[in-house]
>>> print(open('protein.cif').read())   # mmCIF, C-alpha atoms (C1' of nucleotides)
data_protein
#
loop_
_atom_site.label_atom_id
_atom_site.label_comp_id
_atom_site.auth_asym_id
_atom_site.auth_seq_id
_atom_site.Cartn_x
_atom_site.Cartn_y
_atom_site.Cartn_z
CA MET A 1 -27.45 -90.30 -99.23
CA ASP A 2 -29.46 -87.32 -100.32
CA ASP A 3 -31.75 -87.36 -97.33
CA ASP A 4 -33.83 -84.44 -96.17
CA ALA A 5 -30.86 -82.94 -94.38
CA THR A 6 -28.75 -82.93 -97.52
CA ASP A 7 -31.61 -81.44 -99.49
CA GLU A 8 -32.14 -78.69 -96.97
CA ALA A 9 -28.46 -77.84 -96.76
CA LEU A 10 -28.09 -77.81 -100.51
CA ARG A 11 -31.04 -75.49 -100.98
CA ALA A 12 -29.78 -73.22 -98.23
CA LEU A 13 -26.40 -72.94 -99.94
CA ALA A 14 -27.94 -72.26 -103.34
CA GLU A 15 -28.66 -68.68 -102.31
CA PRO A 16 -25.66 -66.32 -102.77
CA ARG A 17 -26.59 -64.11 -99.83
CA ARG A 18 -26.83 -67.09 -97.52
CA ARG A 19 -23.36 -68.18 -98.58
CA ALA A 20 -22.13 -64.68 -97.83
CA ILE A 21 -23.71 -64.84 -94.37
CA LEU A 22 -22.12 -68.20 -93.80
CA ARG A 23 -18.70 -66.86 -94.72
CA LEU A 24 -19.30 -63.90 -92.42
CA VAL A 25 -19.81 -66.14 -89.41
CA ALA A 26 -17.25 -68.72 -90.46
CA ARG A 27 -14.44 -66.99 -88.59
CA ASP A 28 -16.30 -64.80 -86.11
CA GLU A 29 -19.39 -65.24 -84.01
CA LEU A 30 -21.73 -62.34 -84.83
CA ALA A 31 -25.07 -61.01 -83.64
CA ALA A 32 -28.06 -60.95 -85.98
CA GLY A 33 -27.92 -57.17 -86.14
CA GLU A 34 -24.25 -57.13 -87.04
CA ILE A 35 -24.85 -59.63 -89.80
CA ALA A 36 -27.79 -57.63 -91.12
CA ALA A 37 -25.68 -54.46 -91.12
CA ALA A 38 -23.28 -56.11 -93.54
CA PHE A 39 -25.91 -56.25 -96.27
CA GLU A 40 -28.11 -53.78 -98.06
CA VAL A 41 -31.32 -55.70 -97.54
CA THR A 42 -33.74 -55.41 -94.67
CA ARG A 43 -33.03 -56.94 -91.29
CA THR A 44 -36.14 -59.03 -91.87
CA ALA A 45 -34.66 -60.62 -94.96
CA VAL A 46 -31.44 -61.46 -93.14
CA SER A 47 -33.41 -62.90 -90.24
CA GLN A 48 -35.23 -65.21 -92.63
CA HIS A 49 -31.94 -66.29 -94.15
CA LEU A 50 -30.60 -67.01 -90.68
CA THR A 51 -33.64 -69.16 -89.92
CA ILE A 52 -33.17 -71.15 -93.11
CA LEU A 53 -29.47 -71.64 -92.45
CA LYS A 54 -30.18 -72.68 -88.86
CA ASN A 55 -32.87 -75.17 -89.92
CA ALA A 56 -30.43 -76.59 -92.44
CA GLY A 57 -28.01 -77.26 -89.60
CA LEU A 58 -25.44 -74.90 -91.05
CA LEU A 59 -25.68 -72.34 -88.27
CA ALA A 60 -25.40 -72.50 -84.48
CA GLU A 61 -27.41 -70.03 -82.44
CA ARG A 62 -26.52 -68.82 -78.96
CA ARG A 63 -28.49 -66.29 -76.92
CA ASP A 64 -26.92 -63.52 -74.92
CA GLY A 65 -29.57 -61.33 -73.31
CA THR A 66 -31.69 -59.87 -76.09
CA ARG A 67 -29.06 -60.66 -78.69
CA ARG A 68 -28.66 -63.82 -80.72
CA LEU A 69 -25.16 -64.81 -81.72
CA TYR A 70 -24.57 -66.97 -84.75
CA ARG A 71 -21.63 -68.99 -85.99
CA ALA A 72 -21.05 -71.48 -88.76
CA ARG A 73 -21.57 -75.12 -87.90
CA PRO A 74 -19.01 -77.27 -89.76
CA GLU A 75 -20.85 -80.52 -88.93
CA GLY A 76 -23.68 -79.24 -91.08
CA LEU A 77 -21.41 -79.53 -94.09
CA ALA A 78 -20.38 -83.12 -93.36
CA GLY A 79 -23.38 -84.63 -95.08
CA LEU A 80 -22.82 -82.52 -98.15
CA ARG A 81 -19.17 -83.47 -98.36
CA GLN A 82 -20.21 -87.11 -98.16
CA PHE A 83 -22.78 -86.55 -100.90
CA LEU A 84 -20.25 -84.90 -103.19
CA ASP A 85 -17.60 -87.51 -102.51
CA ASP A 86 -20.02 -90.35 -103.29
CA MET A 87 -21.08 -88.68 -106.51
CA TRP A 88 -17.45 -88.00 -107.38
CA GLY A 89 -16.50 -91.63 -106.87
CA ALA A 90 -19.44 -92.96 -108.87
CA SER A 91 -18.75 -90.56 -111.73
CA LEU A 92 -15.09 -91.55 -111.85
CA ASP A 93 -16.18 -95.18 -112.10
CA VAL A 94 -18.30 -94.31 -115.11
CA GLY A 95 -15.36 -92.54 -116.71
CA ARG A 96 -13.23 -95.65 -116.26
CA ARG A 97 -15.97 -97.90 -117.57
CA LEU A 98 -16.40 -95.79 -120.67
CA VAL A 99 -12.68 -95.69 -121.32
CA GLU A 100 -12.50 -99.46 -120.94
CA ALA A 101 -15.46 -99.86 -123.28
CA GLU A 102 -13.71 -97.79 -125.94
CA ARG A 103 -10.50 -99.70 -125.39
CA GLY A 104 -12.46 -102.93 -125.74
CA ILE A 105 -13.80 -101.78 -129.10
CA SER A 106 -10.36 -100.86 -130.42
CA ASP A 107 -9.01 -104.16 -129.04
CA ASP A 108 -11.67 -105.97 -131.03
CA ASP A 109 -10.68 -103.96 -134.08
CA GLN A 110 -7.03 -104.82 -133.57
CA ALA A 111 -7.90 -108.48 -132.94
CA ALA A 112 -9.98 -108.51 -136.12
CA SER A 113 -7.23 -106.93 -138.17
CA ALA A 114 -4.61 -109.11 -136.47
CA GLY A 115 -6.56 -112.30 -136.97
CA MET B 1 -14.00 -69.02 -104.25
CA ASP B 2 -17.73 -68.81 -104.82
CA ASP B 3 -17.39 -67.75 -108.43
CA ASP B 4 -20.09 -67.97 -111.05
CA ALA B 5 -19.28 -71.62 -111.72
CA THR B 6 -19.74 -72.55 -108.07
CA ASP B 7 -22.96 -70.60 -107.92
CA GLU B 8 -24.33 -72.30 -111.01
CA ALA B 9 -23.37 -75.78 -109.83
CA LEU B 10 -24.84 -75.12 -106.41
CA ARG B 11 -28.12 -73.90 -107.83
CA ALA B 12 -28.29 -76.85 -110.20
CA LEU B 13 -27.80 -79.27 -107.31
CA ALA B 14 -30.40 -77.53 -105.16
CA GLU B 15 -33.18 -79.15 -107.18
CA PRO B 16 -34.00 -82.70 -105.96
CA ARG B 17 -34.98 -83.95 -109.39
CA ARG B 18 -31.72 -82.77 -110.87
CA ARG B 19 -29.79 -84.64 -108.18
CA ALA B 20 -31.81 -87.74 -109.02
CA ILE B 21 -30.91 -87.32 -112.68
CA LEU B 22 -27.29 -86.89 -111.75
CA ARG B 23 -27.30 -90.07 -109.72
CA LEU B 24 -28.99 -91.86 -112.58
CA VAL B 25 -26.15 -91.06 -114.95
CA ALA B 26 -23.42 -91.35 -112.35
CA ARG B 27 -22.83 -95.04 -113.05
CA ASP B 28 -24.36 -95.47 -116.48
CA GLU B 29 -24.49 -93.36 -119.59
CA LEU B 30 -28.15 -92.89 -120.52
CA ALA B 31 -30.17 -91.34 -123.33
CA ALA B 32 -32.44 -88.36 -122.66
CA GLY B 33 -35.51 -90.51 -123.21
CA GLU B 34 -34.37 -93.17 -120.79
CA ILE B 35 -33.73 -90.53 -118.16
CA ALA B 36 -37.13 -88.94 -118.75
CA ALA B 37 -38.83 -92.33 -118.45
CA ALA B 38 -37.48 -92.63 -114.92
CA PHE B 39 -39.58 -89.70 -113.71
CA GLU B 40 -43.22 -88.79 -113.61
CA VAL B 41 -42.81 -85.35 -115.10
CA THR B 42 -42.89 -84.43 -118.76
CA ARG B 43 -40.00 -85.16 -121.07
CA THR B 44 -39.82 -81.41 -121.59
CA ALA B 45 -39.15 -80.78 -117.93
CA VAL B 46 -36.38 -83.38 -117.87
CA SER B 47 -34.84 -81.89 -121.00
CA GLN B 48 -34.72 -78.50 -119.31
CA HIS B 49 -33.11 -80.05 -116.25
CA LEU B 50 -30.52 -81.69 -118.48
CA THR B 51 -29.72 -78.33 -120.08
CA ILE B 52 -29.25 -76.71 -116.69
CA LEU B 53 -27.02 -79.53 -115.48
CA LYS B 54 -25.00 -79.39 -118.68
CA ASN B 55 -24.55 -75.61 -118.43
CA ALA B 56 -23.43 -76.07 -114.84
CA GLY B 57 -20.69 -78.37 -116.06
CA LEU B 58 -22.14 -81.33 -114.18
CA LEU B 59 -23.15 -83.30 -117.25
CA ALA B 60 -21.35 -84.48 -120.38
CA GLU B 61 -23.36 -84.86 -123.58
CA ARG B 62 -22.52 -87.22 -126.44
CA ARG B 63 -24.57 -87.71 -129.60
CA ASP B 64 -25.30 -91.05 -131.16
CA GLY B 65 -27.59 -90.76 -134.15
CA THR B 66 -30.77 -89.07 -133.05
CA ARG B 67 -30.07 -89.88 -129.43
CA ARG B 68 -28.18 -87.84 -126.88
CA LEU B 69 -26.32 -89.74 -124.24
CA TYR B 70 -25.58 -88.14 -120.91
CA ARG B 71 -23.20 -88.99 -118.11
CA ALA B 72 -22.10 -87.28 -114.92
CA ARG B 73 -19.02 -85.10 -115.15
CA PRO B 74 -16.97 -85.44 -111.94
CA GLU B 75 -14.79 -82.44 -112.77
CA GLY B 76 -17.90 -80.31 -112.40
CA LEU B 77 -17.97 -81.19 -108.72
CA ALA B 78 -14.35 -80.24 -108.07
CA GLY B 79 -15.11 -76.57 -107.49
CA LEU B 80 -17.87 -77.41 -105.04
CA ARG B 81 -15.68 -79.76 -103.09
CA GLN B 82 -13.11 -77.00 -102.83
CA PHE B 83 -15.80 -74.58 -101.69
CA LEU B 84 -17.02 -76.93 -98.98
CA ASP B 85 -13.52 -77.75 -97.81
CA ASP B 86 -12.66 -74.04 -97.49
CA MET B 87 -15.81 -73.41 -95.50
CA TRP B 88 -15.20 -76.48 -93.38
CA GLY B 89 -11.69 -75.30 -92.53
CA ALA B 90 -12.80 -71.79 -91.65
CA SER B 91 -15.61 -73.06 -89.44
CA LEU B 92 -13.32 -75.43 -87.61
CA ASP B 93 -11.04 -72.49 -86.86
CA VAL B 94 -13.98 -70.71 -85.27
CA GLY B 95 -14.72 -73.73 -83.13
CA ARG B 96 -11.18 -73.74 -81.84
CA ARG B 97 -11.23 -69.99 -81.23
CA LEU B 98 -14.46 -70.22 -79.23
CA VAL B 99 -13.14 -73.08 -77.11
CA GLU B 100 -10.01 -71.09 -76.39
CA ALA B 101 -12.12 -68.06 -75.52
CA GLU B 102 -14.20 -70.04 -73.03
CA ARG B 103 -11.08 -71.53 -71.55
CA GLY B 104 -9.73 -67.98 -71.22
CA ILE B 105 -12.89 -66.89 -69.38
CA SER B 106 -12.79 -69.77 -66.90
CA ASP B 107 -9.08 -69.04 -66.38
CA ASP B 108 -10.02 -65.47 -65.53
CA ASP B 109 -12.72 -66.74 -63.17
CA GLN B 110 -10.28 -69.03 -61.47
CA ALA B 111 -7.74 -66.21 -61.29
CA ALA B 112 -10.43 -63.92 -59.81
CA SER B 113 -11.54 -66.45 -57.21
CA ALA B 114 -7.92 -67.33 -56.50
CA GLY B 115 -6.91 -63.68 -56.19
"C1'" DC C 1 -44.86 -50.63 -64.92
"C1'" DG C 2 -43.32 -47.96 -68.89
"C1'" DC C 3 -39.84 -47.71 -72.25
"C1'" DT C 4 -36.32 -49.16 -75.38
"C1'" DA C 5 -33.32 -52.34 -77.89
"C1'" DA C 6 -32.66 -56.47 -80.45
"C1'" DC C 7 -34.93 -59.96 -82.55
"C1'" DG C 8 -38.30 -63.17 -84.78
"C1'" DT C 9 -42.84 -63.69 -87.37
"C1'" DT C 10 -46.62 -62.91 -90.64
"C1'" DA C 11 -48.99 -61.17 -94.85
"C1'" DG C 12 -48.54 -59.82 -99.21
"C1'" DC C 13 -46.07 -58.65 -103.52
"C1'" DG C 14 -43.03 -59.29 -107.50
"C1'" DA C 15 -39.47 -61.97 -109.71
"C1'" DA C 16 -37.53 -66.38 -110.62
"C1'" DA C 17 -38.13 -71.08 -111.53
"C1'" DA C 18 -40.37 -75.53 -112.66
"C1'" DC C 19 -43.84 -77.51 -115.31
"C1'" DT C 20 -47.01 -78.46 -119.46
"C1'" DG C 21 -48.46 -78.45 -124.32
"C1'" DA C 22 -47.56 -77.40 -128.99
"C1'" DC C 23 -44.06 -76.90 -132.41
"C1'" DA C 24 -39.34 -77.23 -134.68
"C1'" DT C 25 -35.20 -80.02 -135.73
"C1'" DT C 26 -32.34 -83.75 -136.72
"C1'" DT C 27 -31.36 -88.58 -137.98
"C1'" DA C 28 -32.42 -93.11 -139.76
"C1'" DG C 29 -35.19 -96.30 -142.35
"C1'" DT C 30 -38.17 -97.52 -146.40
"C1'" DA D 1 -39.23 -88.00 -150.55
"C1'" DC D 2 -41.91 -89.64 -146.84
"C1'" DT D 3 -42.26 -91.23 -142.28
"C1'" DA D 4 -41.12 -92.25 -137.66
"C1'" DA D 5 -38.23 -91.69 -133.62
"C1'" DA D 6 -35.63 -89.00 -130.37
"C1'" DT D 7 -34.94 -84.67 -128.66
"C1'" DG D 8 -34.65 -79.60 -128.13
"C1'" DT D 9 -37.20 -75.11 -127.90
"C1'" DC D 10 -40.86 -71.63 -127.10
"C1'" DA D 11 -45.02 -69.57 -124.86
"C1'" DG D 12 -47.83 -69.58 -121.19
"C1'" DT D 13 -49.24 -71.08 -116.43
"C1'" DT D 14 -48.50 -72.33 -111.68
"C1'" DT D 15 -45.41 -72.57 -107.85
"C1'" DT D 16 -41.62 -71.18 -105.14
"C1'" DC D 17 -38.76 -67.80 -103.14
"C1'" DG D 18 -36.70 -63.55 -101.57
"C1'" DC D 19 -38.02 -59.12 -100.15
"C1'" DT D 20 -40.52 -55.30 -97.56
"C1'" DA D 21 -43.64 -53.36 -94.13
"C1'" DA D 22 -46.16 -53.91 -90.04
"C1'" DC D 23 -46.62 -56.36 -85.82
"C1'" DG D 24 -45.40 -59.44 -81.83
"C1'" DT D 25 -41.92 -60.95 -78.33
"C1'" DT D 26 -38.30 -61.07 -74.97
"C1'" DA D 27 -34.65 -58.96 -72.08
"C1'" DG D 28 -32.75 -55.16 -69.72
"C1'" DC D 29 -33.24 -50.33 -67.51
"C1'" DG D 30 -35.50 -46.38 -65.01
#
>>> encode(input="protein.cif", output="structure tokens")
Amino acid sequence: MDDDATDEALRALAEPRRRAILRLVARDELAAGEIAAAFEVTRTAVSQHLTILKNAGLLAERRDGTRRLYRARPEGLAGLRQFLDDMWGASLDVGRRLVEAERGISDDDQAASAG
Amino acid sequence: MDDDATDEALRALAEPRRRAILRLVARDELAAGEIAAAFEVTRTAVSQHLTILKNAGLLAERRDGTRRLYRARPEGLAGLRQFLDDMWGASLDVGRRLVEAERGISDDDQAASAG
DNA sequence: CGCTAACGTTAGCGAAAACTGACATTTAGT
DNA sequence: ACTAAATGTCAGTTTTCGCTAACGTTAGCG
């Protein structure tokens, strides 16, 4: 868990504009130019974001003549989901352990007062 | 989806050291000093990471005398899991749509060659 | 080949972020 | 009250990151 792939994906998703791009190509396959047109930054900036997302495995690229079509790559999110689920499970365990510890203390108190 | 809370949590998790901290307190509740001792950066740096994680809702803080005990807060991950699941679902839809589109094209081809 | 369209790539700049060192704060012990 | 321990906070420095402008590249058209 938390390998280079997870790290890269997490850092890619940390940027709001990259998340917006990802949502844009989540339902429709779009060309780089179309994606860039959806934002108020330079085409260069969007291109860099696309590269980062692609390297993170979150984007699939397909070439059509001089155009490059992008779409979201759900498999790229699998590792992250695993990471979050693991963390979720571990944290829940801690919660239980802490609750049990508190209960143990009050049990001792009750045992002391009862004995 | 993708509200301020999600953004904050995502940015907090984008930092490798913060993920390490989170894993450290996922199973055991630890004091700030103990957490800091686990890394080769200054205690100051770790303290700042703890603040960021706490503000992101990923960490629970409890005071015991002069010490501050930290533990992972699973509820803080709920929003992220939702975010990923939404994205996952949307992307899968795209996959299906593209497959159907290709199938449509080859159907046309077959119809053309058959016609 | 010359030209254009659609992209990616590189260099450099400014803002954000991570880190360090010095200082302030709070709690417990004597 | 004094001291020590545990920790947070602030100011300043270095590093990272997102952005723009200029340039390079590839595919199609005449």
>>> interface_residues(input="protein.cif", of="chain B", to="chain D", cutoff="8 Å", atoms="all atoms listed in the file", output="PDB file with C-alpha atoms, in the coordinates of the input")
ATOM      1  CA  ALA B  32     -32.440 -88.360-122.660  1.00  0.00           C
ATOM      2  CA  GLY B  33     -35.510 -90.510-123.210  1.00  0.00           C
ATOM      3  CA  SER B  47     -34.840 -81.890-121.000  1.00  0.00           C
ATOM      4  CA  THR B  66     -30.770 -89.070-133.050  1.00  0.00           C
ATOM      5  CA  ARG B  67     -30.070 -89.880-129.430  1.00  0.00           C
ATOM      6  CA  ARG B  68     -28.180 -87.840-126.880  1.00  0.00           C
TER       7      ARG B  68
END
>>> resolve_selection(input="protein.cif", expression="the PyMOL selection byres ((chain A) within 12 of (chain C))", output="PyMOL selection string")
chain A and resi 31-34+36+43-51+63-69
>>> resolve_selection(input="protein.cif", expression="the PyMOL selection byres ((chain B) within 8 of (chain A))", output="compact mmCIF listing (two decimals) with C-alpha atoms, in the frame of the given file")
# COMPACT_ATOMS: atom_id res chain seq x y z
CA ASP B 7 -22.96 -70.60 -107.92
CA LEU B 10 -24.84 -75.12 -106.41
CA ARG B 11 -28.12 -73.90 -107.83
CA LEU B 13 -27.80 -79.27 -107.31
CA ALA B 14 -30.40 -77.53 -105.16
CA GLU B 15 -33.18 -79.15 -107.18
CA PRO B 16 -34.00 -82.70 -105.96
CA ARG B 23 -27.30 -90.07 -109.72
CA ALA B 26 -23.42 -91.35 -112.35
CA ARG B 27 -22.83 -95.04 -113.05
CA ASP B 28 -24.36 -95.47 -116.48
CA GLU B 29 -24.49 -93.36 -119.59
CA ARG B 71 -23.20 -88.99 -118.11
CA ALA B 72 -22.10 -87.28 -114.92
CA ARG B 73 -19.02 -85.10 -115.15
CA PRO B 74 -16.97 -85.44 -111.94
CA LEU B 77 -17.97 -81.19 -108.72
CA ARG B 81 -15.68 -79.76 -103.09
CA LEU B 84 -17.02 -76.93 -98.98
CA MET B 87 -15.81 -73.41 -95.50
CA TRP B 88 -15.20 -76.48 -93.38
CA ALA B 90 -12.80 -71.79 -91.65
CA SER B 91 -15.61 -73.06 -89.44
CA LEU B 92 -13.32 -75.43 -87.61
CA ASP B 93 -11.04 -72.49 -86.86
CA VAL B 94 -13.98 -70.71 -85.27
>>> atom_distance(input="protein.cif", atom1="CA of Ile21 (chain B)", atom2="CA of Ala37 (chain B)")
11.0 Å
>>> atom_distance(input="protein.cif", atom1="CA of Glu61 (chain B)", atom2="CA of Asp3 (chain B)")
23.6 Å
>>> atom_distance(input="protein.cif", atom1="CA of Val41 (chain A)", atom2="CA of Tyr70 (chain A)")
18.3 Å
>>> axis_aligned_box(input="protein.cif", around="region 12-26 of chain D", padding_each_side="6 Å", output="AutoDock Vina command-line options")
--center_x -43.0 --center_y -63.0 --center_z -98.1 --size_x 24.5 --size_y 31.2 --size_z 58.2
>>> decode(input="protein.cif", residues="chain D", atoms="C-alpha atoms (C1' of nucleotides)", output="PDB file, in the first residue's frame")
ATOM      1  C1'  DA D   1       8.182  29.856  42.652  1.00  0.00           C
ATOM      2  C1'  DC D   2      11.390  27.418  39.934  1.00  0.00           C
ATOM      3  C1'  DT D   3      12.388  23.978  36.675  1.00  0.00           C
ATOM      4  C1'  DA D   4      11.797  20.595  33.226  1.00  0.00           C
ATOM      5  C1'  DA D   5       9.074  18.333  29.700  1.00  0.00           C
ATOM      6  C1'  DA D   6       5.980  18.311  25.824  1.00  0.00           C
ATOM      7  C1'  DT D   7       4.201  20.914  22.336  1.00  0.00           C
ATOM      8  C1'  DG D   8       2.525  24.807  19.487  1.00  0.00           C
ATOM      9  C1'  DT D   9       3.737  29.129  16.904  1.00  0.00           C
ATOM     10  C1'  DC D  10       6.315  32.617  14.197  1.00  0.00           C
ATOM     11  C1'  DA D  11       9.836  34.363  10.870  1.00  0.00           C
ATOM     12  C1'  DG D  12      12.717  33.324   7.396  1.00  0.00           C
ATOM     13  C1'  DT D  13      14.716  30.152   3.820  1.00  0.00           C
ATOM     14  C1'  DT D  14      14.579  26.620   0.334  1.00  0.00           C
ATOM     15  C1'  DT D  15      11.869  23.747  -2.609  1.00  0.00           C
ATOM     16  C1'  DT D  16       7.974  22.586  -5.282  1.00  0.00           C
ATOM     17  C1'  DC D  17       4.382  23.676  -8.371  1.00  0.00           C
ATOM     18  C1'  DG D  18       1.304  25.910 -11.579  1.00  0.00           C
ATOM     19  C1'  DC D  19       1.406  29.266 -15.049  1.00  0.00           C
ATOM     20  C1'  DT D  20       2.861  31.866 -19.369  1.00  0.00           C
ATOM     21  C1'  DA D  21       5.478  32.658 -23.587  1.00  0.00           C
ATOM     22  C1'  DA D  22       8.240  30.900 -27.136  1.00  0.00           C
ATOM     23  C1'  DC D  23       9.576  26.941 -29.704  1.00  0.00           C
ATOM     24  C1'  DG D  24       9.451  22.112 -31.611  1.00  0.00           C
ATOM     25  C1'  DT D  25       6.705  18.236 -33.616  1.00  0.00           C
ATOM     26  C1'  DT D  26       3.433  15.549 -36.161  1.00  0.00           C
ATOM     27  C1'  DA D  27      -0.519  14.942 -39.344  1.00  0.00           C
ATOM     28  C1'  DG D  28      -3.286  16.458 -43.037  1.00  0.00           C
ATOM     29  C1'  DC D  29      -4.059  19.552 -47.317  1.00  0.00           C
ATOM     30  C1'  DG D  30      -2.877  22.244 -51.598  1.00  0.00           C
TER      31       DG D  30
END
